[in-house]
$ cat start-v9.pdb   # PDB, C-alpha atoms, pLDDT in the B column
ATOM      1  CA  MET A   1       0.000   0.000   0.000  1.00 88.00           C
ATOM      2  CA  LEU A   2       1.243   3.450  -0.878  1.00 95.00           C
ATOM      3  CA  GLU A   3       1.206   6.396   1.496  1.00 96.00           C
ATOM      4  CA  LEU A   4       1.377  10.136   0.837  1.00 97.00           C
ATOM      5  CA  ASN A   5       1.539  12.975   3.353  1.00 97.00           C
ATOM      6  CA  LEU A   6      -0.676  15.875   2.290  1.00 95.00           C
ATOM      7  CA  ARG A   7      -0.300  17.730   5.600  1.00 94.00           C
ATOM      8  CA  ILE A   8       2.521  19.870   4.297  1.00 93.00           C
ATOM      9  CA  TYR A   9       0.511  21.244   1.350  1.00 92.00           C
ATOM     10  CA  LYS A  10      -2.107  23.946   1.129  1.00 88.00           C
ATOM     11  CA  CYS A  11      -4.799  24.172  -1.509  1.00 84.00           C
ATOM     12  CA  PRO A  12      -4.449  24.078  -4.529  1.00 89.00           C
ATOM     13  CA  GLN A  13      -1.129  22.231  -4.186  1.00 94.00           C
ATOM     14  CA  GLN A  14      -2.804  19.713  -1.862  1.00 94.00           C
ATOM     15  CA  PHE A  15      -5.292  18.704  -4.560  1.00 95.00           C
ATOM     16  CA  ILE A  16      -2.575  18.476  -7.208  1.00 96.00           C
ATOM     17  CA  GLN A  17      -0.450  16.210  -5.007  1.00 97.00           C
ATOM     18  CA  PHE A  18      -3.537  14.118  -4.229  1.00 97.00           C
ATOM     19  CA  LYS A  19      -4.200  13.555  -7.935  1.00 97.00           C
ATOM     20  CA  LEU A  20      -0.539  12.693  -8.601  1.00 97.00           C
ATOM     21  CA  GLY A  21      -0.547  10.197  -5.734  1.00 97.00           C
ATOM     22  CA  LEU A  22      -3.793   8.674  -6.949  1.00 96.00           C
ATOM     23  CA  ARG A  23      -2.358   8.340 -10.460  1.00 96.00           C
ATOM     24  CA  ASP A  24       0.653   6.487  -9.046  1.00 96.00           C
ATOM     25  CA  ALA A  25      -1.634   4.158  -7.080  1.00 95.00           C
ATOM     26  CA  ILE A  26      -3.670   3.371 -10.180  1.00 94.00           C
ATOM     27  CA  SER A  27      -0.595   2.648 -12.289  1.00 94.00           C
ATOM     28  CA  LEU A  28       0.821   0.364  -9.563  1.00 94.00           C
ATOM     29  CA  LYS A  29      -2.616  -1.188  -8.923  1.00 93.00           C
ATOM     30  CA  GLN A  30      -2.435  -0.489  -5.200  1.00 94.00           C
ATOM     31  CA  ALA A  31      -4.497   1.246  -2.559  1.00 95.00           C
ATOM     32  CA  ILE A  32      -3.149   4.517  -1.193  1.00 97.00           C
ATOM     33  CA  THR A  33      -3.431   6.229   2.171  1.00 97.00           C
ATOM     34  CA  PHE A  34      -3.251  10.007   2.335  1.00 97.00           C
ATOM     35  CA  ASN A  35      -2.306  11.704   5.602  1.00 97.00           C
ATOM     36  CA  ILE A  36      -4.298  14.886   6.139  1.00 94.00           C
ATOM     37  CA  SER A  37      -4.675  17.309   9.003  1.00 89.00           C
ATOM     38  CA  GLN A  38      -8.036  17.960  10.649  1.00 85.00           C
ATOM     39  CA  GLU A  39      -7.907  21.585   9.564  1.00 85.00           C
ATOM     40  CA  GLN A  40      -7.549  20.786   5.871  1.00 84.00           C
ATOM     41  CA  ASN A  41     -10.625  21.103   3.722  1.00 88.00           C
ATOM     42  CA  THR A  42     -11.166  17.868   1.786  1.00 90.00           C
ATOM     43  CA  ASP A  43     -14.373  18.823  -0.031  1.00 93.00           C
ATOM     44  CA  ASP A  44     -12.687  19.009  -3.462  1.00 94.00           C
ATOM     45  CA  ILE A  45     -10.998  15.663  -2.936  1.00 95.00           C
ATOM     46  CA  GLU A  46     -14.227  13.993  -1.829  1.00 95.00           C
ATOM     47  CA  ARG A  47     -16.166  15.426  -4.775  1.00 96.00           C
ATOM     48  CA  TYR A  48     -13.497  14.133  -7.149  1.00 96.00           C
ATOM     49  CA  LEU A  49     -13.576  10.644  -5.618  1.00 96.00           C
ATOM     50  CA  GLN A  50     -17.368  10.524  -5.763  1.00 95.00           C
ATOM     51  CA  LYS A  51     -17.434  11.741  -9.365  1.00 95.00           C
ATOM     52  CA  LYS A  52     -14.969   9.028 -10.398  1.00 93.00           C
ATOM     53  CA  ALA A  53     -16.788   6.433  -8.231  1.00 92.00           C
ATOM     54  CA  TYR A  54     -13.658   5.449  -6.297  1.00 93.00           C
ATOM     55  CA  TYR A  55     -14.034   3.525  -3.053  1.00 94.00           C
ATOM     56  CA  TYR A  56     -12.655   5.572  -0.172  1.00 96.00           C
ATOM     57  CA  LYS A  57     -12.789   5.921   3.599  1.00 96.00           C
ATOM     58  CA  LEU A  58     -12.176   9.265   5.262  1.00 95.00           C
ATOM     59  CA  ASN A  59     -11.348   9.473   8.954  1.00 94.00           C
ATOM     60  CA  LYS A  60     -10.731  13.138   9.773  1.00 88.00           C
ATOM     61  CA  GLN A  61     -10.139  12.422  13.465  1.00 89.00           C
ATOM     62  CA  GLN A  62      -7.145  10.227  12.636  1.00 92.00           C
ATOM     63  CA  GLY A  63      -6.210  12.315   9.607  1.00 93.00           C
ATOM     64  CA  LEU A  64      -6.408   9.421   7.160  1.00 95.00           C
ATOM     65  CA  LEU A  65      -7.962   9.046   3.741  1.00 95.00           C
ATOM     66  CA  LEU A  66      -7.820   5.546   2.266  1.00 96.00           C
ATOM     67  CA  VAL A  67      -8.537   5.233  -1.461  1.00 96.00           C
ATOM     68  CA  GLU A  68      -8.874   1.957  -3.301  1.00 94.00           C
ATOM     69  CA  PRO A  69      -9.142   3.086  -6.929  1.00 85.00           C
ATOM     70  CA  LEU A  70      -9.389  -0.422  -8.411  1.00 78.00           C
ATOM     71  CA  ARG A  71     -12.042  -1.816  -6.075  1.00 66.00           C
ATOM     72  CA  VAL A  72     -15.320  -2.661  -7.759  1.00 45.00           C
TER      73      VAL A  72
END

$ encode --input "start-v9.pdb" --output "structure tokens"
Amino acid sequence: MLELNLRIYKCPQQFIQFKLGLRDAISLKQAITFNISQEQNTDDIERYLQKKAYYYKLNKQQGLLLVEPLRV
């Protein structure tokens, strides 16, 4: 499983890094975990995941976003 820390980025760089990480996960056919801070707004990321129908779990309290792009 891949992991990417998005805590160090602010929008719009956060969203760009998210998409790059997701692209890597898809090409490697692996799930990816993104580390986010509780203060970060994840609305754009969630809308993108819903639009593309990716399976994901968001736990803002722990600061984790798990995306499984290849799950049916």

$ resolve_selection --input "start-v9.pdb" --expression "the PyMOL selection byres ((chain A and resi 12-17) around 12)" --output "PyMOL selection string"
chain A and resi 3-11+18-24+34-37+40-49

$ atom_distance --input "start-v9.pdb" --atom1 "CA of Met1 (chain A)" --atom2 "CA of Glu39 (chain A)"
24.9 Å

$ residues_around --input "start-v9.pdb" --residues "Pro69 (chain A)" --least-positions-apart "6" --cutoff "10 Å" --atoms "all atoms listed in the file" --output "mmCIF file with C-alpha atoms, in the coordinates of the input"
data_model
loop_
_atom_site.group_PDB
_atom_site.id
_atom_site.type_symbol
_atom_site.label_atom_id
_atom_site.label_comp_id
_atom_site.auth_asym_id
_atom_site.auth_seq_id
_atom_site.Cartn_x
_atom_site.Cartn_y
_atom_site.Cartn_z
ATOM 1 C CA LEU A 22 -3.793 8.674 -6.949
ATOM 2 C CA ARG A 23 -2.358 8.340 -10.460
ATOM 3 C CA ALA A 25 -1.634 4.158 -7.080
ATOM 4 C CA ILE A 26 -3.670 3.371 -10.180
ATOM 5 C CA LYS A 29 -2.616 -1.188 -8.923
ATOM 6 C CA GLN A 30 -2.435 -0.489 -5.200
ATOM 7 C CA ALA A 31 -4.497 1.246 -2.559
ATOM 8 C CA ILE A 32 -3.149 4.517 -1.193
ATOM 9 C CA LEU A 49 -13.576 10.644 -5.618
ATOM 10 C CA LYS A 52 -14.969 9.028 -10.398
ATOM 11 C CA ALA A 53 -16.788 6.433 -8.231
ATOM 12 C CA TYR A 54 -13.658 5.449 -6.297
ATOM 13 C CA TYR A 55 -14.034 3.525 -3.053
ATOM 14 C CA TYR A 56 -12.655 5.572 -0.172
#

$ resolve_selection --input "start-v9.pdb" --expression "the PyMOL selection byres ((chain A and resi 64) around 8)" --output "list in words"
Thr33, Phe34, Asn35, Ile36, Leu58, Asn59, Lys60, Gln61, Gln62, Gly63, Leu65 and Leu66 of chain A

$ axis_aligned_box --input "start-v9.pdb" --around "region 38-52 of chain A" --padding-each-side "8 Å" --output "JSON"
{"center_x": -12.5, "center_y": 15.3, "center_z": 0.1, "size_x": 25.9, "size_y": 28.6, "size_z": 37.0}
